[in-house]
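Text of work.txt (compact mmCIF, C-alpha atoms and all ligand atoms) as supplied:
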```txt
# COMPACT_ATOMS: atom_id res chain seq x y z
CA MET A 1 36.29 100.35 99.93
CA ARG A 2 32.73 99.79 98.70
CA ARG A 3 30.32 101.78 100.82
CA ILE A 4 30.76 105.20 102.34
CA ALA A 5 28.53 107.44 104.43
CA VAL A 6 28.34 111.22 104.34
CA PHE A 7 26.69 113.65 106.73
CA THR A 8 26.55 117.33 107.71
CA SER A 9 26.96 118.34 111.35
CA GLY A 10 27.07 121.41 113.62
CA GLY A 11 25.71 124.69 112.31
CA ASP A 12 24.55 124.59 108.69
CA ALA A 13 26.65 126.56 106.22
CA PRO A 14 25.82 127.70 102.66
CA GLY A 15 27.68 125.39 100.31
CA MET A 16 27.17 122.22 102.34
CA ASN A 17 24.78 121.01 99.62
CA ALA A 18 27.38 121.68 96.93
CA ALA A 19 29.87 119.61 98.95
CA LEU A 20 27.34 116.76 99.31
CA ARG A 21 26.73 116.81 95.58
CA ALA A 22 30.46 116.62 94.87
CA VAL A 23 30.93 113.72 97.32
CA VAL A 24 28.01 111.72 95.94
CA ARG A 25 28.94 112.22 92.29
CA THR A 26 32.66 111.59 92.74
CA ALA A 27 31.84 108.45 94.71
CA ALA A 28 29.33 107.28 92.09
CA TRP A 29 31.90 107.85 89.35
CA ASN A 30 34.28 105.61 91.33
CA LYS A 31 31.54 102.96 91.75
CA LEU A 32 31.17 103.49 95.50
CA HIS A 33 27.78 103.18 97.18
CA VAL A 34 26.93 106.28 99.19
CA TYR A 35 24.63 106.57 102.19
CA GLY A 36 23.55 109.97 103.48
CA ILE A 37 23.04 110.20 107.23
CA GLU A 38 20.34 112.63 108.36
CA ARG A 39 21.00 115.20 111.09
CA GLY A 40 24.67 114.40 111.58
CA PHE A 41 25.69 112.31 114.56
CA GLU A 42 22.06 112.21 115.76
CA GLY A 43 21.02 110.31 112.64
CA MET A 44 24.01 108.01 113.00
CA ILE A 45 22.82 107.12 116.51
CA ASP A 46 19.20 106.66 115.40
CA GLY A 47 20.00 104.78 112.18
CA HIS A 48 18.59 107.39 109.80
CA PHE A 49 20.50 106.45 106.65
CA GLN A 50 19.39 106.89 103.03
CA ARG A 51 20.99 105.67 99.84
CA LEU A 52 22.16 108.61 97.70
CA GLU A 53 22.63 108.22 93.97
CA ARG A 54 23.83 110.81 91.48
CA ARG A 55 20.30 112.08 90.68
CA ASP A 56 19.45 112.52 94.37
CA VAL A 57 21.81 115.47 94.53
CA ALA A 58 20.52 117.20 91.41
CA ASN A 59 19.39 120.82 91.73
CA ILE A 60 20.94 121.43 95.15
CA ILE A 61 24.22 123.17 94.28
CA GLN A 62 22.52 126.57 94.53
CA ARG A 63 20.65 125.93 97.79
CA GLY A 64 21.59 127.09 101.27
CA GLY A 65 21.11 124.86 104.30
CA THR A 66 21.72 121.14 103.96
CA MET A 67 19.44 118.57 102.32
CA LEU A 68 20.55 116.02 104.94
CA ARG A 69 19.76 118.50 107.72
CA THR A 70 22.09 118.86 110.66
CA ALA A 71 22.22 118.75 114.45
CA ARG A 72 24.32 119.32 117.51
CA SER A 73 24.31 115.93 119.23
CA LYS A 74 24.82 115.68 122.98
CA ARG A 75 24.33 111.90 122.78
CA PHE A 76 27.37 111.49 120.54
CA MET A 77 29.48 112.90 123.35
CA THR A 78 28.71 109.78 125.41
CA PRO A 79 30.28 106.32 124.87
CA GLU A 80 26.75 104.82 124.69
CA GLY A 81 25.75 107.20 121.90
CA ARG A 82 28.89 106.44 119.91
CA ARG A 83 28.33 102.69 120.40
CA ALA A 84 24.81 102.99 118.94
CA ALA A 85 26.26 104.99 116.03
CA TYR A 86 28.85 102.29 115.38
CA ASP A 87 26.19 99.56 115.42
CA HIS A 88 24.28 101.36 112.67
CA LEU A 89 27.37 101.93 110.55
CA LYS A 90 28.09 98.21 110.81
CA ALA A 91 24.49 97.30 110.01
CA TYR A 92 24.81 99.31 106.78
CA ASP A 93 28.25 97.84 106.12
CA ILE A 94 29.88 101.29 105.91
CA ASP A 95 33.64 101.23 105.25
CA ALA A 96 34.37 104.94 105.75
CA CYS A 97 32.67 108.26 106.53
CA ILE A 98 32.90 111.79 105.22
CA ALA A 99 31.94 114.45 107.77
CA ILE A 100 31.06 117.96 106.65
CA GLY A 101 31.19 120.36 109.59
CA GLY A 102 33.32 122.47 111.88
CA ASN A 103 35.81 121.94 114.69
CA GLY A 104 33.26 120.19 116.93
CA THR A 105 32.33 117.77 114.16
CA PHE A 106 35.99 116.98 113.51
CA THR A 107 36.54 116.40 117.24
CA GLY A 108 33.64 113.94 117.36
CA ALA A 109 34.89 112.20 114.19
CA LYS A 110 38.42 111.88 115.56
CA ILE A 111 37.28 110.40 118.88
CA PHE A 112 34.93 107.99 117.13
CA SER A 113 37.43 106.84 114.51
CA GLU A 114 40.01 106.14 117.22
CA GLU A 115 37.48 104.13 119.23
CA TYR A 116 36.03 102.10 116.37
CA LYS A 117 38.71 102.13 113.66
CA ILE A 118 36.42 103.52 110.99
CA PRO A 119 38.26 105.94 108.68
CA PHE A 120 36.91 109.48 108.50
CA ILE A 121 37.65 112.38 106.19
CA GLY A 122 36.56 115.87 107.29
CA ILE A 123 35.36 118.61 104.96
CA PRO A 124 35.48 122.05 106.61
CA GLY A 125 31.92 123.38 106.51
CA THR A 126 31.25 126.24 108.91
CA ILE A 127 30.59 129.94 108.46
CA ASP A 128 33.07 130.69 111.26
CA ASN A 129 36.28 130.03 109.26
CA ASP A 130 37.85 128.86 112.53
CA LEU A 131 39.59 125.75 111.17
CA TYR A 132 43.30 125.51 110.73
CA GLY A 133 44.54 123.85 107.52
CA THR A 134 42.34 125.69 105.06
CA ASP A 135 42.37 129.33 104.06
CA TYR A 136 38.57 129.37 103.99
CA THR A 137 35.79 127.11 105.23
CA ILE A 138 32.63 126.41 103.25
CA GLY A 139 29.98 129.04 104.05
CA PHE A 140 32.31 131.78 105.26
CA ASP A 141 32.27 133.75 102.01
CA THR A 142 28.46 133.66 101.80
CA ALA A 143 28.12 134.70 105.45
CA VAL A 144 30.47 137.64 104.92
CA ASN A 145 28.55 138.71 101.81
CA THR A 146 25.29 138.57 103.77
CA ALA A 147 26.78 140.57 106.63
CA ILE A 148 28.17 143.18 104.23
CA ASP A 149 24.79 143.49 102.55
CA ALA A 150 23.21 144.08 105.98
CA VAL A 151 25.81 146.68 106.91
CA ASP A 152 25.29 148.48 103.58
CA LYS A 153 21.63 148.86 104.57
CA ILE A 154 22.49 150.00 108.08
CA ARG A 155 24.79 152.64 106.60
CA ASP A 156 21.82 154.21 104.81
CA THR A 157 19.90 154.78 108.00
CA ALA A 158 23.03 155.59 110.04
CA ASP A 159 23.92 158.24 107.47
CA SER A 160 20.41 159.69 107.33
CA HIS A 161 20.24 160.10 111.14
CA ASN A 162 23.94 160.78 111.82
CA ARG A 163 24.05 157.83 114.21
CA LEU A 164 26.54 155.37 115.62
CA PHE A 165 25.78 151.66 115.09
CA PHE A 166 27.32 148.67 116.80
CA VAL A 167 26.72 145.70 114.48
CA GLU A 168 27.28 142.22 115.84
CA VAL A 169 28.22 139.41 113.47
CA MET A 170 28.59 135.68 114.13
CA GLY A 171 31.77 133.64 114.43
CA ARG A 172 31.55 132.00 117.85
CA ASN A 173 35.09 132.59 119.23
CA SER A 174 36.55 133.72 115.95
CA GLY A 175 36.81 137.25 114.53
CA TYR A 176 37.13 136.30 110.86
CA ILE A 177 33.57 137.20 109.84
CA ALA A 178 33.85 140.49 111.73
CA LEU A 179 37.19 141.47 110.20
CA TYR A 180 36.23 140.63 106.61
CA THR A 181 32.83 142.31 107.03
CA ALA A 182 34.46 145.44 108.43
CA ILE A 183 36.94 145.69 105.55
CA GLY A 184 34.32 144.92 102.91
CA SER A 185 31.75 147.36 104.29
CA GLY A 186 34.16 150.18 105.10
CA ALA A 187 33.30 150.16 108.80
CA SER A 188 34.80 152.72 111.18
CA SER A 189 36.18 150.10 113.52
CA VAL A 190 36.20 146.37 114.19
CA LEU A 191 36.38 144.62 117.55
CA ILE A 192 37.44 140.95 117.55
CA PRO A 193 38.50 138.48 120.24
CA GLU A 194 41.94 137.99 118.66
CA SER A 195 43.14 141.51 119.33
CA GLU A 196 42.86 143.64 122.44
CA THR A 197 40.16 146.28 122.64
CA ASP A 198 40.86 149.62 124.27
CA LEU A 199 37.53 151.34 124.84
CA GLU A 200 39.22 154.71 125.49
CA ASP A 201 40.87 154.38 122.13
CA LEU A 202 37.58 153.46 120.44
CA LYS A 203 35.79 156.45 121.98
CA SER A 204 38.56 158.77 120.91
CA VAL A 205 38.54 157.42 117.32
CA LEU A 206 34.77 157.87 117.09
CA ARG A 207 34.92 161.40 118.50
CA LYS A 208 37.80 162.36 116.19
CA ASN A 209 35.92 160.96 113.21
CA LYS A 210 32.93 163.12 114.12
CA ALA A 211 35.11 166.19 114.58
CA ARG A 212 36.65 165.53 111.16
CA GLY A 213 33.23 165.60 109.57
CA LYS A 214 32.31 161.92 109.50
CA LEU A 215 28.53 162.02 109.83
CA PHE A 216 27.95 158.48 111.08
CA SER A 217 29.91 155.47 112.29
CA VAL A 218 29.51 151.71 112.07
CA VAL A 219 31.49 149.53 114.47
CA ILE A 220 31.55 145.81 113.69
CA VAL A 221 31.73 143.57 116.77
CA ALA A 222 32.39 139.82 116.76
CA GLU A 223 29.81 137.91 118.82
CA GLY A 224 32.64 136.22 120.71
CA HIS A 225 34.16 139.51 121.87
CA PRO A 226 35.05 139.06 125.55
CA MET A 227 33.31 142.32 126.54
CA GLY A 228 29.96 140.79 125.66
CA GLY A 229 29.49 141.29 121.95
CA ALA A 230 27.89 144.43 120.52
CA THR A 231 25.43 144.79 123.39
CA GLY A 232 28.16 144.55 126.01
CA ILE A 233 30.37 147.10 124.27
CA ALA A 234 27.48 149.51 123.65
CA GLU A 235 26.41 149.31 127.30
CA LYS A 236 29.89 150.29 128.42
CA ILE A 237 30.30 153.39 126.29
CA GLN A 238 26.92 154.55 125.03
CA HIS A 239 26.36 157.16 127.77
CA GLU A 240 29.53 158.98 126.85
CA LEU A 241 28.62 158.89 123.18
CA ALA A 242 24.96 159.76 123.67
CA SER A 243 25.11 162.60 121.13
CA MET A 244 25.72 159.98 118.40
CA GLU A 245 22.48 158.17 119.35
CA PRO A 246 24.13 154.73 119.52
CA LYS A 247 22.13 151.71 118.29
CA VAL A 248 22.85 147.99 118.37
CA THR A 249 22.03 145.54 115.55
CA VAL A 250 22.63 141.82 115.88
CA ILE A 251 22.55 140.27 112.40
CA GLY A 252 22.29 136.73 113.78
CA HIS A 253 21.15 133.67 111.84
CA LEU A 254 20.55 135.62 108.62
CA GLN A 255 24.27 134.96 108.14
CA ARG A 256 23.73 131.21 108.00
CA GLY A 257 21.17 131.19 105.20
CA GLY A 258 20.87 131.98 101.53
CA ALA A 259 22.28 130.71 98.26
CA PRO A 260 26.03 130.02 98.43
CA THR A 261 28.28 132.46 96.60
CA ALA A 262 30.31 131.32 93.60
CA ALA A 263 33.39 131.12 95.84
CA ASP A 264 31.62 128.80 98.27
CA ARG A 265 30.22 126.57 95.49
CA LEU A 266 33.65 126.19 93.99
CA LEU A 267 35.34 125.57 97.34
CA ALA A 268 32.69 123.00 98.31
CA SER A 269 32.93 121.21 94.95
CA ARG A 270 36.72 121.01 95.14
CA LEU A 271 36.73 119.79 98.73
CA GLY A 272 33.98 117.20 98.19
CA PHE A 273 35.81 115.86 95.15
CA ALA A 274 39.16 115.80 96.99
CA ALA A 275 37.69 114.05 100.04
CA VAL A 276 36.51 111.06 97.98
CA GLU A 277 39.72 110.86 95.96
CA LEU A 278 41.82 110.90 99.14
CA LEU A 279 39.62 108.23 100.70
CA MET A 280 40.16 106.05 97.62
CA GLU A 281 43.91 106.53 98.03
CA GLY A 282 43.69 105.18 101.60
CA ALA A 283 43.78 108.43 103.57
CA GLU A 284 42.08 108.43 106.95
CA ASN A 285 41.38 110.76 109.82
CA ILE A 286 42.37 113.88 107.99
CA ALA A 287 40.66 117.12 107.08
CA VAL A 288 40.87 118.44 103.54
CA GLY A 289 41.45 122.11 102.84
CA ILE A 290 42.66 124.60 100.28
CA VAL A 291 45.75 126.64 101.06
CA ASN A 292 47.09 129.15 98.56
CA GLY A 293 44.82 127.71 95.90
CA GLU A 294 46.01 124.12 96.29
CA VAL A 295 44.10 121.21 97.82
CA THR A 296 45.84 119.99 100.97
CA SER A 297 45.07 117.74 103.90
CA MET A 298 46.14 117.48 107.51
CA PRO A 299 45.50 115.21 110.50
CA PHE A 300 42.34 115.97 112.50
CA ASP A 301 44.53 116.74 115.51
CA ASP A 302 46.15 119.69 113.75
CA ALA A 303 42.95 120.97 112.19
CA ILE A 304 41.27 120.96 115.60
CA ASN A 305 44.06 122.06 117.92
CA LYS A 306 46.07 124.56 115.94
CA GLN A 307 44.57 128.02 116.07
CA LYS A 308 43.92 130.03 112.94
CA ILE A 309 44.22 133.74 113.61
CA PRO A 310 43.40 136.62 111.26
CA SER A 311 46.60 138.21 109.97
CA ASP A 312 47.99 141.29 111.71
CA GLU A 313 48.34 142.87 108.29
CA LEU A 314 44.57 142.73 107.69
CA ILE A 315 43.82 144.02 111.19
CA ARG A 316 46.20 146.95 110.70
CA MET A 317 44.86 147.66 107.22
CA ALA A 318 41.26 147.71 108.47
CA SER A 319 42.08 150.49 110.91
CA ILE A 320 44.13 152.53 108.42
CA LEU A 321 41.44 152.36 105.73
CA ALA A 322 38.83 153.57 108.23
CA ILE A 323 40.44 156.97 108.93
N1 LIG A 401 34.37 116.08 122.33
C1 LIG A 401 33.43 115.58 121.54
N2 LIG A 401 33.12 114.26 121.58
C2 LIG A 401 32.17 113.73 120.79
N3 LIG A 401 31.45 114.45 119.91
C3 LIG A 401 31.71 115.75 119.81
C4 LIG A 401 32.72 116.40 120.61
N4 LIG A 401 32.74 117.71 120.29
C5 LIG A 401 31.79 117.89 119.34
N5 LIG A 401 31.18 116.73 119.05
C6 LIG A 401 30.04 116.50 118.14
O1 LIG A 401 30.12 117.36 117.03
C7 LIG A 401 28.89 118.08 116.92
C8 LIG A 401 29.11 119.36 116.18
O2 LIG A 401 29.97 120.22 116.92
P1 LIG A 401 29.60 121.77 117.08
O3 LIG A 401 28.20 121.88 117.55
O4 LIG A 401 30.67 122.37 117.92
O5 LIG A 401 29.63 122.33 115.59
P2 LIG A 401 30.81 122.47 114.56
O6 LIG A 401 31.02 121.19 113.87
O7 LIG A 401 32.00 123.07 115.22
O8 LIG A 401 30.16 123.46 113.51
P3 LIG A 401 29.81 125.01 113.72
O9 LIG A 401 30.83 125.61 114.62
O10 LIG A 401 29.83 125.58 112.37
O11 LIG A 401 28.44 125.05 114.31
C9 LIG A 401 28.45 118.23 118.37
O12 LIG A 401 27.09 118.57 118.47
C10 LIG A 401 28.76 116.85 118.91
O13 LIG A 401 27.76 115.92 118.53
O1 LIG A 402 22.54 128.15 115.65
P1 LIG A 402 23.09 127.97 117.02
O2 LIG A 402 23.06 126.56 117.47
O3 LIG A 402 22.50 128.94 117.98
O4 LIG A 402 24.64 128.33 116.97
C1 LIG A 402 25.14 129.60 116.73
C2 LIG A 402 26.61 129.46 116.46
O5 LIG A 402 26.77 128.70 115.26
C3 LIG A 402 27.53 129.44 114.33
O6 LIG A 402 26.62 130.15 113.49
C4 LIG A 402 28.35 128.51 113.49
O7 LIG A 402 29.27 127.88 114.32
C5 LIG A 402 28.34 130.42 115.19
O8 LIG A 402 28.82 131.51 114.45
C6 LIG A 402 27.34 130.75 116.26
O9 LIG A 402 28.00 131.13 117.44
MG MG A 403 32.61 125.13 115.47
```
Could you express the structure from this file as structure tokens?
Ligand SMILES: Nc1ncnc2c1ncn2[C@@H]1O[C@H](COP(=O)(O)OP(=O)(O)OP(=O)(O)O)[C@@H](O)[C@H]1O
Ligand SMILES: O=P(O)(O)OC[C@H]1O[C@](O)(CO)[C@@H](O)[C@@H]1O
Ligand SMILES: [Mg+2]
Amino acid sequence: MRRIAVFTSGGDAPGMNAALRAVVRTAAWNKLHVYGIERGFEGMIDGHFQRLERRDVANIIQRGGTMLRTARSKRFMTPEGRRAAYDHLKAYDIDACIAIGGNGTFTGAKIFSEEYKIPFIGIPGTIDNDLYGTDYTIGFDTAVNTAIDAVDKIRDTADSHNRLFFVEVMGRNSGYIALYTAIGSGASSVLIPESETDLEDLKSVLRKNKARGKLFSVVIVAEGHPMGGATGIAEKIQHELASMEPKVTVIGHLQRGGAPTAADRLLASRLGFAAVELLMEGAENIAVGIVNGEVTSMPFDDAINKQKIPSDELIRMASILAI
């Protein structure tokens, strides 16, 4: 093992830079040459590689986004695209790759490594926290903090006007951001794809809350909720709750930006470090993670195919604490 490549792929996530820094410095310490690939699989296909030395990753640990930039690559889903990517890896004499991204990135890495026998290690970097094999993914904590900050602000205006707000948070098909945001912001209710939503029940809870003297309500809705996110839910019940002057706020891409929290910087540093050490030990086609405080790893297949679901205990607690 002499030369490795590293790239970020899929949606950017705060802490990706901290992970890049950890990969580059751990590799440099182990006398490996590192190449950074720009814009994920797109840059692999187009041959956009740059040598990264320890000083190239100075002053990025605190920055959101990703210094290598990122992309969603349709071309990598084709055999021709992956062939072009392989040709460039060979041209740069790359022995192994470290991919920082989410479930899509790991799927692409797994398919590619099986086709071309190049070892890959995956570092879970996505705000969605939808990867099995790690308690948290890089960026999730920052996204939840951003969402909570937004909800705190919405509470001020909701309180002043005695209104009902439906606040939509990101997460693609996962309800993790919604659940953690709801608990952390003291929301009245949370609607996620992983548990069934009974609109009659929701209406009754909101009405009871009002009757009990609650002056405003905030309902957190996961974007992937099957009833159409916050807008879909609001459309279905707003007429019956007209007296609460319902409003919809979609927080959107705000949740992807900003300086990573301490938790995300630490997680990213540990995972970047572990990825290089595991590669040096001969590991391949695995994703690294942290479970119960310990660094772990598991085959891409498990990380991609096994579903991580928010615990029933947290879901139950969120509703009890909202009474
Ligand atoms: N089946 C596949 N075959 C080849 N490449 C794939 C496949 N699935 C995903 N990829 C590649 O991985 C890239 C990233 O995947 P995706 O856009 O789903 O983001 P992600 O890694 O899941 O991150 P996030 O969910 O945080 O945005 C895709 O744009 C594509 O290039
Ligand atoms: O930025 P894009 O490409 O619109 O993707 C948005 C999606 O990416 C994520 O932010 C990260 O996967 C999801 O939560 C969201 O559904
Ligand atoms: Mg994903």
Computed gap from CA of Gly139 in chain A to CA of Ile127 in chain A is 4.5 Å
Please provide as a PDB file with C-alpha atoms, in the coordinates of the input all residues within 9 Å of Asp56 in chain A, with the sequence filter that same-chain residues fewer than 4 positions apart are discarded (counting all atoms listed in the file).
```pdb
ATOM      1  CA  ARG A  21      26.730 116.810  95.580  1.00  0.00           C
ATOM      2  CA  VAL A  24      28.010 111.720  95.940  1.00  0.00           C
ATOM      3  CA  ARG A  51      20.990 105.670  99.840  1.00  0.00           C
ATOM      4  CA  LEU A  52      22.160 108.610  97.700  1.00  0.00           C
TER       5      LEU A  52
END
```
Item to complete: Write out as a list in words each polymer residue whose atoms come within 8 Å of Glu42 in chain A, counting all atoms listed in the file; drop sequence neighbours fewer than 5 positions from it.
Response: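 Here the answer would be Ala71, Arg72, Ser73, Arg75 and Phe76 of chain A.
Shortest separation to Arg55 in chain A among A:Asp12, A:Arg25, A:Asp87, A:Leu131 occurs at residue A:Arg25, atoms counted being only C-alpha atoms.
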Handout entry: Contacts with ligand LIG 401 (chain A) at most 6 Å, all atoms listed in the file counted, listed as number ranges by chain
Key = A: 9-11, 41, 72-74, 76-77, 101-105, 107-108, 126-127
- [ ] Name the closest residue to ligand MG 403 (chain A) among the candidates A:Glu38, A:Glu114, A:Glu313, A:Asp128; distances are taken between atoms, counting only C-alpha atoms and all ligand atoms.
- [x]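 Closest to ligand MG 403 (chain A), using only C-alpha atoms and all ligand atoms: A:Asp128.
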Nearest to ligand MG 403 (chain A), restricted to all atoms listed in the file and choosing among A:Ile111, A:Ile304, A:Leu271, A:Ile309, comes out as A:Ile304
Quiz prompt | Counting all atoms listed in the file, the residue of A:Ile45, A:Met227, A:Ala22, A:Leu179 that sits nearest Arg316 in chain A | solution =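 Once distances to Arg316 in chain A are computed over all atoms listed in the file, the minimum belongs to A:Leu179.
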| said: Between CA of Leu254 in chain A and CA of Thr142 in chain A, what is the distance in Å, rounded to a tenth? | reply: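 A separation of 10.6 Å between them.
Residue nearest Ser297 in chain A within the list A:Gly81, A:Gly133, A:Gly40, A:Pro124: A:Gly133 [criterion: smallest interatomic distance, all atoms listed in the file].
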Of the listed residues A:Gly64, A:Gly47, A:Gly257, A:Pro246, that which approaches Tyr35 in chain A most closely, counting all atoms listed in the file
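Closest to Tyr35 in chain A, using all atoms listed in the file: A:Gly47.
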Q) Hey, what's within 10 Å of range 201-204 of chain A if we count only C-alpha atoms and toss same-chain stuff fewer than 6 positions away? As number ranges by chain, please? A) A: 188-191, 210, 219, 237-238, 240-241
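Rounded to one decimal, CA of Gly175 in chain A and atom O3 of ligand LIG 402 (chain A) lie 16.9 Å from each other.
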| said: The residues within 10 Å of (36.3, 104.4, 110.1), using all atoms listed in the file and the coordinates of the file, should be reported as a list of chain:residue names; which are they? | reply: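 Here the neighbourhood of the point contains A:Ile4, A:Tyr86, A:Leu89, A:Ile94, A:Asp95, A:Ala96, A:Cys97, A:Ile98, A:Ala109, A:Lys110, A:Phe112, A:Ser113, A:Glu114, A:Glu115, A:Tyr116, A:Lys117, A:Ile118, A:Pro119, A:Phe120, A:Ile121, A:Glu284, A:Asn285.
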With 6 Å on each side, where is the centre of the axis-aligned box around all listed atoms of range 48-63 of chain A, and how long are its edges in Å to one decimal, as lines of an AutoDock Vina configuration file?
```
center_x = 21.4
center_y = 116.1
center_z = 100.2
size_x = 17.6
size_y = 32.9
size_z = 31.1
```
Env of range 262-265 of chain A: 8 Å cut, atoms = only C-alpha atoms, seq-sep filter 2 positions within chain, self excluded. Answer as a list in words.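 Contacts, with the query itself left out: Pro14, Gly15, Ala18, Ala19, Ile61, Gln62, Ile138, Gly139, Phe140, Asp141, Thr142, Pro260, Leu267, Ala268 and Ser269 of chain A.
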